[in-house]
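Engineer: This is query-v1.txt (compact mmCIF, C-alpha atoms and all ligand atoms).
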# COMPACT_ATOMS: atom_id res chain seq x y z
CA MET A 1 40.59 -71.90 112.96
CA SER A 2 40.76 -73.56 116.31
CA LEU A 3 43.35 -74.28 118.96
CA ASP A 4 41.61 -77.54 119.90
CA LYS A 5 44.19 -79.89 118.36
CA ILE A 6 47.24 -78.11 119.71
CA LYS A 7 45.58 -77.73 123.12
CA MET A 8 45.36 -81.52 123.34
CA VAL A 9 49.08 -81.83 122.59
CA LEU A 10 49.97 -79.15 125.15
CA SER A 11 47.76 -80.69 127.85
CA LYS A 12 49.43 -84.03 127.30
CA GLU A 13 52.85 -82.46 127.73
CA LEU A 14 51.77 -80.74 130.93
CA ALA A 15 50.32 -84.00 132.25
CA GLY A 16 53.70 -85.62 131.53
CA LEU A 17 55.48 -82.90 133.50
CA GLU A 18 53.08 -83.41 136.39
CA GLU A 19 53.63 -87.15 136.34
CA ARG A 20 57.40 -86.64 136.54
CA GLY A 21 56.96 -84.21 139.44
CA ALA A 22 58.39 -81.41 137.26
CA LEU A 23 55.36 -79.12 137.14
CA LYS A 24 55.89 -75.80 138.90
CA GLY A 25 52.14 -75.40 139.34
CA LYS A 26 50.19 -72.51 140.74
CA GLU A 27 52.27 -69.48 141.60
CA THR A 28 52.18 -67.82 145.02
CA THR A 29 50.83 -64.29 144.60
CA ILE A 30 52.07 -61.70 147.07
CA ILE A 31 49.35 -59.16 147.73
CA GLY A 32 50.95 -57.01 150.39
CA VAL A 33 54.08 -56.29 152.39
CA LYS A 34 54.24 -55.36 156.05
CA GLU A 35 57.24 -53.27 157.08
CA ALA A 36 59.80 -54.62 159.53
CA GLU A 37 58.90 -53.88 163.14
CA ARG A 38 60.85 -54.31 166.36
CA ASP A 39 62.65 -57.65 166.26
CA LYS A 40 60.85 -58.92 163.15
CA GLY A 41 61.80 -58.34 159.52
CA PRO A 42 59.22 -57.63 156.80
CA ARG A 43 56.25 -59.95 156.46
CA TYR A 44 54.32 -60.81 153.29
CA PHE A 45 50.64 -61.41 152.61
CA VAL A 46 49.72 -64.10 150.12
CA GLU A 47 46.57 -64.46 148.03
CA GLY A 48 44.23 -67.04 149.51
CA TYR A 49 45.71 -66.82 153.02
CA GLY A 50 43.80 -63.83 154.40
CA ASP A 51 45.81 -61.86 156.95
CA LYS A 52 48.30 -64.66 157.67
CA GLU A 53 51.82 -63.22 157.68
CA PHE A 54 54.67 -64.97 155.91
CA LEU A 55 58.41 -64.80 156.46
CA ARG A 56 59.94 -64.82 152.99
CA MET A 57 63.01 -67.02 152.70
CA ASN A 58 63.00 -67.43 148.92
CA SER A 59 63.83 -63.97 147.64
CA ASN A 60 66.96 -63.12 145.66
CA SER A 61 66.88 -59.62 147.08
CA TYR A 62 69.66 -60.56 149.50
CA LEU A 63 70.21 -57.09 150.90
CA GLY A 64 66.57 -56.05 151.10
CA MET A 65 67.39 -53.07 148.86
CA ASP A 66 63.94 -53.38 147.24
CA LEU A 67 62.35 -52.04 150.42
CA LYS A 68 64.90 -49.34 151.25
CA LYS A 69 63.29 -45.91 151.47
CA GLU A 70 66.14 -44.09 149.64
CA VAL A 71 65.94 -46.56 146.75
CA ILE A 72 62.16 -46.22 146.45
CA GLU A 73 62.51 -42.43 146.58
CA ALA A 74 65.14 -42.47 143.80
CA GLU A 75 62.80 -44.56 141.66
CA GLU A 76 59.82 -42.26 142.32
CA THR A 77 61.77 -39.07 141.65
CA ALA A 78 63.06 -40.37 138.31
CA ALA A 79 59.55 -41.41 137.23
CA ARG A 80 58.32 -37.88 137.90
CA GLU A 81 61.21 -36.35 136.00
CA PHE A 82 61.38 -38.70 133.00
CA GLY A 83 58.09 -40.65 132.93
CA THR A 84 57.45 -44.34 133.49
CA GLY A 85 58.87 -46.04 130.40
CA PRO A 86 61.77 -45.46 127.98
CA GLY A 87 59.43 -45.38 124.97
CA ALA A 88 61.95 -46.90 122.57
CA ALA A 89 65.02 -49.08 122.25
CA ARG A 90 68.35 -47.47 123.06
CA PHE A 91 69.51 -46.55 119.55
CA ILE A 92 66.16 -45.00 118.61
CA SER A 93 65.39 -42.59 121.45
CA GLY A 94 65.41 -44.78 124.57
CA THR A 95 68.78 -43.73 125.99
CA TYR A 96 68.44 -41.45 129.01
CA LYS A 97 71.14 -39.95 131.17
CA PRO A 98 70.51 -42.35 134.12
CA HIS A 99 71.10 -45.32 131.73
CA VAL A 100 74.45 -43.90 130.68
CA ASP A 101 75.38 -42.92 134.24
CA LEU A 102 74.52 -46.41 135.46
CA GLU A 103 76.69 -48.07 132.83
CA LYS A 104 79.66 -45.89 133.83
CA ARG A 105 78.99 -46.54 137.50
CA LEU A 106 78.81 -50.31 137.04
CA ALA A 107 82.11 -50.26 135.16
CA LYS A 108 83.69 -48.28 138.00
CA PHE A 109 82.09 -50.55 140.62
CA HIS A 110 83.82 -53.56 139.05
CA ASN A 111 86.96 -51.63 138.09
CA ARG A 112 86.48 -52.28 134.37
CA GLU A 113 86.66 -50.04 131.30
CA ALA A 114 83.00 -50.09 130.30
CA GLY A 115 79.55 -51.36 131.19
CA MET A 116 76.32 -52.04 129.31
CA ILE A 117 72.83 -52.72 130.59
CA PHE A 118 70.12 -55.05 129.28
CA SER A 119 66.49 -55.51 130.24
CA SER A 120 67.28 -58.51 132.49
CA GLY A 121 70.08 -60.82 133.55
CA TYR A 122 68.69 -63.48 131.21
CA ALA A 123 68.70 -61.06 128.27
CA THR A 124 72.28 -60.08 129.15
CA VAL A 125 73.54 -63.65 128.98
CA MET A 126 71.72 -64.23 125.68
CA GLY A 127 72.83 -60.84 124.42
CA VAL A 128 76.49 -61.35 125.24
CA LEU A 129 76.99 -64.98 124.28
CA THR A 130 75.13 -65.15 120.99
CA PRO A 131 77.07 -62.44 119.10
CA LEU A 132 80.40 -63.71 120.44
CA ILE A 133 79.82 -67.32 119.41
CA SER A 134 80.96 -67.54 115.79
CA GLN A 135 80.61 -70.64 113.61
CA ASP A 136 84.21 -71.37 114.43
CA THR A 137 83.82 -71.15 118.20
CA ILE A 138 83.74 -74.00 120.69
CA VAL A 139 81.96 -73.24 123.96
CA ILE A 140 82.96 -75.02 127.16
CA SER A 141 80.37 -74.87 129.92
CA ASP A 142 79.91 -76.13 133.51
CA GLU A 143 77.16 -78.79 133.71
CA LEU A 144 75.27 -76.77 136.34
CA ASN A 145 75.25 -73.46 134.48
CA HIS A 146 72.05 -71.44 134.50
CA ASN A 147 69.41 -72.05 131.84
CA SER A 148 70.27 -68.71 130.18
CA ILE A 149 73.77 -69.95 129.26
CA ILE A 150 72.38 -73.26 128.01
CA ASN A 151 69.82 -71.54 125.81
CA ALA A 152 72.28 -68.94 124.54
CA ILE A 153 74.55 -71.74 123.34
CA ARG A 154 71.60 -73.49 121.68
CA LEU A 155 70.54 -70.31 119.93
CA ALA A 156 74.05 -69.43 118.73
CA ARG A 157 74.84 -72.94 117.43
CA PRO A 158 78.62 -72.96 117.94
CA LYS A 159 80.94 -75.34 116.10
CA ASP A 160 80.88 -77.56 119.17
CA ARG A 161 79.93 -77.47 122.82
CA LYS A 162 81.64 -79.26 125.66
CA ILE A 163 80.27 -79.73 129.14
CA TYR A 164 82.48 -80.42 132.15
CA ARG A 165 81.31 -81.88 135.44
CA HIS A 166 80.53 -79.23 138.01
CA ASN A 167 83.69 -77.26 138.86
CA ASN A 168 85.88 -80.12 137.61
CA MET A 169 89.05 -78.39 136.42
CA ASN A 170 90.67 -81.59 135.11
CA GLU A 171 87.74 -82.02 132.74
CA LEU A 172 87.89 -78.36 131.73
CA GLU A 173 91.57 -78.80 130.89
CA SER A 174 90.85 -81.96 128.86
CA ASN A 175 88.11 -80.08 127.01
CA LEU A 176 90.55 -77.27 126.21
CA LYS A 177 93.13 -79.72 124.87
CA GLU A 178 90.48 -81.33 122.65
CA CYS A 179 89.70 -77.92 121.14
CA ILE A 180 93.28 -77.36 119.92
CA GLY A 181 93.39 -77.46 116.14
CA ASN A 182 89.59 -77.59 115.93
CA CYS A 183 88.53 -73.97 116.23
CA HIS A 184 89.81 -70.40 116.21
CA ARG A 185 87.96 -69.22 119.31
CA VAL A 186 87.04 -70.81 122.64
CA ILE A 187 84.54 -69.45 125.15
CA ILE A 188 84.57 -70.76 128.70
CA ALA A 189 81.20 -69.93 130.29
CA THR A 190 80.40 -70.43 133.94
CA ASP A 191 78.12 -69.12 136.63
CA GLY A 192 79.99 -67.30 139.41
CA ILE A 193 77.68 -68.40 142.20
CA PHE A 194 75.64 -71.48 141.27
CA SER A 195 72.04 -70.66 141.99
CA MET A 196 70.91 -74.11 143.09
CA ARG A 197 73.82 -74.71 145.45
CA GLY A 198 75.24 -71.38 146.59
CA ASP A 199 78.77 -72.62 145.86
CA HIS A 200 81.07 -70.82 143.44
CA ALA A 201 83.25 -71.42 140.40
CA PRO A 202 87.01 -71.72 141.00
CA LEU A 203 87.75 -68.54 139.05
CA PRO A 204 91.56 -68.47 139.64
CA GLU A 205 91.93 -72.00 138.23
CA ILE A 206 89.68 -71.18 135.27
CA ALA A 207 91.68 -68.01 134.52
CA ASP A 208 94.99 -69.95 134.80
CA LEU A 209 93.75 -72.54 132.30
CA ALA A 210 92.48 -69.85 129.94
CA GLU A 211 95.86 -68.12 130.08
CA LYS A 212 97.77 -71.37 129.59
CA TYR A 213 95.86 -72.46 126.48
CA CYS A 214 95.10 -69.05 124.95
CA PRO A 215 98.17 -69.09 122.60
CA GLU A 216 96.77 -72.25 120.97
CA PHE A 217 93.83 -70.40 119.37
CA THR A 218 94.07 -67.66 116.75
CA GLU A 219 91.17 -65.74 118.34
CA GLY A 220 92.04 -66.72 121.88
CA ILE A 221 89.95 -67.90 124.83
CA ILE A 222 87.25 -65.69 126.32
CA THR A 223 86.12 -66.31 129.89
CA ILE A 224 82.52 -65.29 130.60
CA VAL A 225 81.20 -65.39 134.16
CA ASP A 226 77.51 -64.95 134.96
CA ASP A 227 77.61 -63.79 138.56
CA SER A 228 73.95 -62.87 138.84
CA HIS A 229 73.65 -64.31 142.34
CA GLY A 230 77.08 -63.10 143.43
CA VAL A 231 77.09 -59.38 142.71
CA GLY A 232 75.82 -57.36 145.63
CA ALA A 233 75.58 -60.44 147.83
CA THR A 234 79.04 -61.78 148.30
CA GLY A 235 82.55 -60.49 148.86
CA GLU A 236 83.31 -57.95 151.57
CA THR A 237 82.16 -55.04 149.40
CA GLY A 238 79.60 -56.90 147.29
CA ARG A 239 81.68 -57.22 144.13
CA GLY A 240 80.69 -60.89 144.00
CA THR A 241 82.63 -64.03 143.17
CA THR A 242 85.60 -62.15 141.73
CA GLU A 243 86.06 -60.52 145.14
CA LEU A 244 85.40 -63.77 147.02
CA THR A 245 88.09 -65.56 145.01
CA GLY A 246 90.40 -62.57 144.53
CA GLU A 247 90.33 -63.18 140.77
CA ASN A 248 90.12 -60.25 138.38
CA ARG A 249 91.11 -61.91 135.11
CA VAL A 250 87.50 -62.62 134.07
CA ASP A 251 87.12 -61.25 130.52
CA ILE A 252 83.39 -60.57 130.61
CA LEU A 253 81.50 -60.30 133.88
CA ILE A 254 77.71 -60.47 133.83
CA GLY A 255 75.46 -59.42 136.69
CA THR A 256 71.83 -58.71 137.35
CA LEU A 257 70.24 -55.67 138.96
CA GLY A 258 67.26 -57.85 139.88
CA LYS A 259 68.64 -59.87 142.78
CA ALA A 260 70.86 -58.39 145.54
CA MET A 261 70.57 -54.96 143.90
CA GLY A 262 66.81 -55.18 144.49
CA VAL A 263 65.77 -53.51 141.24
CA ASN A 264 65.48 -55.06 137.79
CA GLY A 265 67.63 -55.48 134.68
CA GLY A 266 70.99 -56.99 133.80
CA TYR A 267 74.47 -55.83 132.83
CA LEU A 268 77.94 -56.74 131.77
CA VAL A 269 81.29 -55.09 132.31
CA SER A 270 84.36 -55.62 130.16
CA ASP A 271 86.85 -53.85 127.90
CA ALA A 272 85.51 -50.87 125.94
CA GLU A 273 85.97 -52.55 122.52
CA VAL A 274 83.87 -55.54 123.57
CA ILE A 275 81.05 -53.28 124.73
CA GLU A 276 81.24 -51.21 121.57
CA TYR A 277 80.90 -54.41 119.51
CA LEU A 278 77.97 -55.71 121.54
CA ARG A 279 76.04 -52.44 121.22
CA GLU A 280 76.15 -52.99 117.46
CA LYS A 281 75.58 -56.74 117.42
CA ALA A 282 73.45 -57.88 120.36
CA PRO A 283 69.82 -58.19 119.20
CA PHE A 284 68.57 -58.40 122.79
CA TYR A 285 69.99 -54.89 123.24
CA ILE A 286 69.29 -53.38 119.84
CA TYR A 287 65.69 -54.48 119.33
CA SER A 288 64.36 -54.35 122.88
CA ASN A 289 63.63 -51.55 125.35
CA PRO A 290 66.10 -50.95 128.17
CA ILE A 291 65.08 -50.94 131.84
CA THR A 292 63.07 -47.89 132.86
CA VAL A 293 64.79 -44.66 133.85
CA SER A 294 63.37 -45.18 137.33
CA GLU A 295 64.98 -48.59 137.57
CA ALA A 296 68.31 -47.17 136.40
CA SER A 297 68.07 -44.38 138.99
CA ALA A 298 67.15 -46.84 141.74
CA ALA A 299 70.14 -49.02 140.77
CA LEU A 300 72.44 -45.97 140.96
CA LYS A 301 71.18 -45.33 144.49
CA VAL A 302 71.75 -48.99 145.41
CA ILE A 303 75.39 -48.72 144.31
CA ASP A 304 75.74 -45.51 146.37
CA ILE A 305 74.49 -47.45 149.39
CA LEU A 306 76.66 -50.48 148.66
CA ASP A 307 79.73 -48.26 148.54
CA SER A 308 78.90 -46.50 151.80
CA ASP A 309 79.49 -47.62 155.38
CA THR A 310 75.82 -48.63 155.52
CA GLY A 311 76.36 -51.01 152.61
CA LYS A 312 79.39 -52.56 154.24
CA ARG A 313 77.44 -53.02 157.47
CA MET A 314 74.54 -54.63 155.57
CA LEU A 315 76.89 -57.07 153.85
CA LYS A 316 78.66 -57.94 157.09
CA TYR A 317 75.32 -58.58 158.80
CA LEU A 318 74.09 -60.66 155.84
CA HIS A 319 77.18 -62.82 156.00
CA GLU A 320 76.88 -63.25 159.79
CA MET A 321 73.21 -64.24 159.51
CA THR A 322 74.04 -66.71 156.74
CA VAL A 323 76.67 -68.40 158.91
CA TYR A 324 74.21 -68.42 161.82
CA PHE A 325 71.43 -70.09 159.81
CA ARG A 326 73.75 -72.56 158.14
CA LYS A 327 75.17 -73.62 161.54
CA GLY A 328 71.65 -73.85 162.94
CA LEU A 329 70.63 -76.32 160.22
CA VAL A 330 73.75 -78.43 160.75
CA ASN A 331 73.14 -78.50 164.53
CA LEU A 332 69.63 -79.80 163.85
CA GLY A 333 71.12 -82.64 161.81
CA TYR A 334 70.18 -81.34 158.36
CA GLU A 335 72.51 -81.71 155.39
CA VAL A 336 73.64 -78.47 153.74
CA ILE A 337 76.07 -77.65 150.94
CA GLU A 338 79.12 -75.72 152.08
CA GLY A 339 79.41 -72.17 150.85
CA LYS A 340 79.59 -68.55 151.91
CA HIS A 341 76.71 -67.24 149.88
CA PRO A 342 73.27 -66.46 151.42
CA ILE A 343 71.80 -69.32 149.39
CA VAL A 344 71.65 -72.13 151.94
CA PRO A 345 70.51 -75.40 150.35
CA LEU A 346 68.96 -77.90 152.71
CA MET A 347 69.46 -81.21 150.94
CA VAL A 348 66.39 -83.45 151.21
CA ARG A 349 67.32 -85.74 148.31
CA ASP A 350 63.75 -86.90 147.70
CA THR A 351 60.95 -85.19 145.75
CA GLY A 352 58.05 -86.30 147.97
CA LYS A 353 59.79 -85.31 151.18
CA THR A 354 60.83 -81.94 149.72
CA ILE A 355 57.22 -81.18 148.75
CA GLU A 356 56.09 -82.22 152.25
CA LEU A 357 58.61 -79.99 154.01
CA VAL A 358 57.86 -76.99 151.78
CA LYS A 359 54.19 -77.39 152.69
CA TYR A 360 54.97 -77.75 156.40
CA LEU A 361 56.98 -74.54 156.32
CA LYS A 362 54.24 -72.70 154.42
CA ASP A 363 51.62 -73.93 156.89
CA ASN A 364 53.84 -72.38 159.54
CA GLY A 365 54.17 -69.06 157.76
CA ILE A 366 57.50 -69.52 155.96
CA LEU A 367 57.89 -69.18 152.20
CA VAL A 368 60.65 -71.33 150.70
CA THR A 369 61.29 -72.97 147.35
CA GLY A 370 61.67 -76.69 146.78
CA LEU A 371 63.88 -77.67 143.85
CA TYR A 372 63.31 -80.98 142.08
CA TYR A 373 64.37 -82.70 138.90
CA PRO A 374 64.85 -81.42 136.16
CA ILE A 375 65.84 -78.11 137.83
CA VAL A 376 68.37 -80.08 139.90
CA PRO A 377 69.75 -83.56 139.14
CA LYS A 378 67.78 -86.53 140.54
CA GLY A 379 68.90 -87.21 144.12
CA ASP A 380 69.82 -83.54 144.69
CA GLU A 381 66.28 -82.45 145.59
CA GLU A 382 66.54 -79.61 148.08
CA ILE A 383 64.96 -76.63 149.74
CA ARG A 384 66.76 -73.45 148.83
CA PHE A 385 66.73 -71.06 151.78
CA GLN A 386 67.85 -67.55 150.92
CA ILE A 387 69.01 -65.31 153.73
CA CYS A 388 68.40 -61.59 153.48
CA ALA A 389 69.85 -58.62 155.37
CA GLU A 390 66.24 -57.82 156.39
CA HIS A 391 65.97 -61.10 158.33
CA THR A 392 66.39 -60.67 162.05
CA ARG A 393 67.82 -63.14 164.53
CA TYR A 394 64.22 -63.67 165.68
CA ASP A 395 63.17 -64.60 162.13
CA LEU A 396 65.96 -67.12 161.69
CA ASP A 397 65.36 -68.65 165.14
CA TYR A 398 61.67 -68.94 164.25
CA ALA A 399 62.50 -70.84 161.03
CA LEU A 400 65.03 -73.06 162.80
CA ASN A 401 62.49 -73.86 165.48
CA ILE A 402 59.90 -74.94 162.91
CA LEU A 403 62.53 -77.11 161.25
CA LYS A 404 63.36 -78.62 164.65
CA GLU A 405 59.71 -79.47 165.23
CA TYR A 406 59.47 -81.05 161.79
CA LYS A 407 62.54 -83.17 162.42
CA GLU A 408 61.17 -84.37 165.76
CA GLN A 409 57.84 -85.31 164.15
CA THR A 410 59.35 -87.22 161.27
CA ILE A 411 61.95 -89.28 163.16
C1 LIG B 1 72.80 -67.47 137.19
C2 LIG B 1 71.64 -66.67 136.71
N1 LIG B 1 71.78 -65.93 135.61
C3 LIG B 1 70.77 -65.17 135.14
C4 LIG B 1 69.55 -65.13 135.77
C5 LIG B 1 68.45 -64.27 135.22
O1 LIG B 1 68.43 -63.05 135.89
P1 LIG B 1 67.18 -62.06 135.68
O2 LIG B 1 66.11 -62.50 136.61
O3 LIG B 1 67.72 -60.71 135.96
O4 LIG B 1 66.77 -62.23 134.25
C6 LIG B 1 69.35 -65.88 136.92
C7 LIG B 1 68.05 -65.84 137.60
O5 LIG B 1 67.63 -66.67 138.30
C8 LIG B 1 70.43 -66.66 137.41
O6 LIG B 1 70.28 -67.40 138.51
Please lay out the structure from this file as structure tokens.

Structural biologist:
Amino acid sequence: MSLDKIKMVLSKELAGLEERGALKGKETTIIGVKEAERDKGPRYFVEGYGDKEFLRMNSNSYLGMDLKKEVIEAEETAAREFGTGPGAARFISGTYKPHVDLEKRLAKFHNREAGMIFSSGYATVMGVLTPLISQDTIVISDELNHNSIINAIRLARPKDRKIYRHNNMNELESNLKECIGNCHRVIIATDGIFSMRGDHAPLPEIADLAEKYCPEFTEGIITIVDDSHGVGATGETGRGTTELTGENRVDILIGTLGKAMGVNGGYLVSDAEVIEYLREKAPFYIYSNPITVSEASAALKVIDILDSDTGKRMLKYLHEMTVYFRKGLVNLGYEVIEGKHPIVPLMVRDTGKTIELVKYLKDNGILVTGLYYPIVPKGDEEIRFQICAEHTRYDLDYALNILKEYKEQTI
């Protein structure tokens, strides 16, 4: 037996990706972290760059919780008490007290009846959507939804799937009208914060439409919001897009512990009956290990911090720094997408120029991510800056200065 034939096919596919500029290529390996000191936030060391220090502006850990001493201590203590891994899936013997405590705490955090954790945000989306999509369900989805929603719909094979243009509520309403008489159940799925743009879904309008058309379907309309980038990062107390929009009628709210929470894993909160059903029916939960006990304990500590005055101060600072950086880019003449989230997209609108600017920033000690087609639509090529509560004013001024230099050189 040999892999020679298939290797030729795979290489050809990769070459095609490269030709289209869609290859992600070699990953940057972080080999060390230097603690924040004086007016500088943490710095990162990257394989192949010796002792050059990098400012990291492409992390989803918006609050810098991953480096907080109390969080690390909580993780260490739990590992000593319970060991490093759960050793089994939840229903076998992998349920530990910190898992259960975390689920209760997440429910309380979002003011919902019950919570349930999965091994990642991606697994949560797959785990929630697939059991809820019956053969008589039509799913309506925003065109810019995260890949996890797209793949969950593919896997579940609903009766039909409708895509509306990004945040276009007229199209969502038309889609809902088209569903009448054609299915028993409708699911509206949207990201809360859209990860490529930092803007958010109009949750009040979506909830109004769901309420308006719900009586038309025997099994109703379920609204599912994946707020992986929103929870912990946005809203005055970090509750995410529901807090930002003041909308609490979301039926199922999904979040991740792996971004602003700085740990790892995913979760949903909803009514108790929904959670009870998913524990029995979600294969991504039933047949896969949960997060480690250490991760659950670290996440509990993160929520403690978020709900304390320190957490509120961190969020306030994060939001101030985001406004500062966003304004700085605009003052330099760069195009950004409006939003309140610490994702600040600098729109380059050209693949070659995006690659060039990412390289320029890296040469100058700044790690950022360029996004090109097919991750974003053609013409929307951008650099996604992500602000973090660990960034100092010095750090942001440094980045803005490098961007100023670049602009002056390229005019
Ligand atoms: C909107 C959205 N949902 C889900 C995920 C997956 O989260 P995780 O990394 O916890 O699997 C991401 C990650 O980028 C995301 O942006």

Engineer: Using only C-alpha atoms and all ligand atoms, can you tell me which of A:Gly121, A:Gly246, A:Gly328, A:Pro342 comes closest to ligand LIG 1 (chain B)?

Structural biologist: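 So, comparing all the options, the nearest one is A:Gly121.
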
Engineer: Please provide as a count of residues only all residues within 7 Å of segment 13-28 of chain A, with the sequence filter that same-chain residues fewer than 2 positions apart are discarded (counting all atoms listed in the file).

Structural biologist: 8

Engineer: Counting only C-alpha atoms, which residue out of A:Phe118, A:Tyr360, A:Phe194, A:Tyr398 sits closest to Asp227 of chain A?

Structural biologist: A:Phe194

Engineer: Name each residue within 9 Å of ligand LIG 1 (chain B), counting only C-alpha atoms and all ligand atoms, as a short mmCIF file (atom, residue, chain, number, x, y, z; two decimals) with C-alpha atoms, in the coordinates of the input.

Structural biologist:
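Final output, saved to pocket-v8.cif:
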data_model
loop_
_atom_site.label_atom_id
_atom_site.label_comp_id
_atom_site.auth_asym_id
_atom_site.auth_seq_id
_atom_site.Cartn_x
_atom_site.Cartn_y
_atom_site.Cartn_z
CA ASN A 60 66.96 -63.12 145.66
CA SER A 119 66.49 -55.51 130.24
CA SER A 120 67.28 -58.51 132.49
CA GLY A 121 70.08 -60.82 133.55
CA TYR A 122 68.69 -63.48 131.21
CA ALA A 123 68.70 -61.06 128.27
CA THR A 124 72.28 -60.08 129.15
CA VAL A 125 73.54 -63.65 128.98
CA ASN A 145 75.25 -73.46 134.48
CA HIS A 146 72.05 -71.44 134.50
CA ASN A 147 69.41 -72.05 131.84
CA SER A 148 70.27 -68.71 130.18
CA ILE A 149 73.77 -69.95 129.26
CA THR A 190 80.40 -70.43 133.94
CA ASP A 191 78.12 -69.12 136.63
CA GLY A 192 79.99 -67.30 139.41
CA ILE A 193 77.68 -68.40 142.20
CA PHE A 194 75.64 -71.48 141.27
CA SER A 195 72.04 -70.66 141.99
CA MET A 196 70.91 -74.11 143.09
CA ASP A 226 77.51 -64.95 134.96
CA ASP A 227 77.61 -63.79 138.56
CA SER A 228 73.95 -62.87 138.84
CA HIS A 229 73.65 -64.31 142.34
CA GLY A 230 77.08 -63.10 143.43
CA ILE A 254 77.71 -60.47 133.83
CA GLY A 255 75.46 -59.42 136.69
CA THR A 256 71.83 -58.71 137.35
CA LEU A 257 70.24 -55.67 138.96
CA GLY A 258 67.26 -57.85 139.88
CA LYS A 259 68.64 -59.87 142.78
CA ASN A 264 65.48 -55.06 137.79
CA GLY A 265 67.63 -55.48 134.68
CA GLY A 266 70.99 -56.99 133.80
CA TYR A 267 74.47 -55.83 132.83
#

Engineer: Between atom CA of Ile252 of chain A and atom CA of Gly235 of chain A, what is the distance, to one decimal in Å?

Structural biologist: 18.3 Å

Engineer: Could you check which of A:Asn151, A:Thr234, A:Thr310, A:Thr292 is closest to Lys340 of chain A, using all atoms listed in the file?

Structural biologist: A:Thr234

Engineer: Reconstruct N, CA and C atoms of segment 81-95 of chain A; output as a compact mmCIF listing (two decimals), in the frame of the given file.

Structural biologist:
# COMPACT_ATOMS: atom_id res chain seq x y z
N GLU A 81 60.40 -37.18 136.89
CA GLU A 81 61.21 -36.35 136.00
C GLU A 81 61.16 -36.83 134.54
N PHE A 82 61.22 -38.17 134.36
CA PHE A 82 61.38 -38.70 133.00
C PHE A 82 60.18 -39.51 132.49
N GLY A 83 59.21 -39.80 133.35
CA GLY A 83 58.09 -40.65 132.93
C GLY A 83 58.35 -42.11 133.29
N THR A 84 57.38 -42.97 132.98
CA THR A 84 57.45 -44.34 133.49
C THR A 84 58.21 -45.32 132.58
N GLY A 85 58.21 -45.07 131.28
CA GLY A 85 58.87 -46.04 130.40
C GLY A 85 59.80 -45.36 129.42
N PRO A 86 60.80 -46.10 128.87
CA PRO A 86 61.77 -45.46 127.98
C PRO A 86 61.18 -45.10 126.61
N GLY A 87 60.12 -45.77 126.21
CA GLY A 87 59.43 -45.38 124.97
C GLY A 87 60.09 -45.84 123.69
N ALA A 88 61.27 -46.41 123.78
CA ALA A 88 61.95 -46.90 122.57
C ALA A 88 63.19 -47.67 122.97
N ALA A 89 63.74 -48.41 122.02
CA ALA A 89 65.02 -49.08 122.25
C ALA A 89 66.12 -48.02 122.31
N ARG A 90 67.27 -48.44 122.79
CA ARG A 90 68.35 -47.47 123.06
C ARG A 90 68.75 -46.64 121.85
N PHE A 91 68.94 -47.30 120.68
CA PHE A 91 69.51 -46.55 119.55
C PHE A 91 68.46 -45.67 118.87
N ILE A 92 67.20 -45.85 119.22
CA ILE A 92 66.16 -45.00 118.61
C ILE A 92 66.06 -43.71 119.42
N SER A 93 65.40 -43.79 120.60
CA SER A 93 65.39 -42.59 121.45
C SER A 93 65.28 -42.99 122.92
N GLY A 94 65.62 -44.27 123.21
CA GLY A 94 65.41 -44.78 124.57
C GLY A 94 66.60 -44.65 125.50
N THR A 95 67.62 -43.91 125.10
CA THR A 95 68.78 -43.73 125.99
C THR A 95 68.63 -42.45 126.80
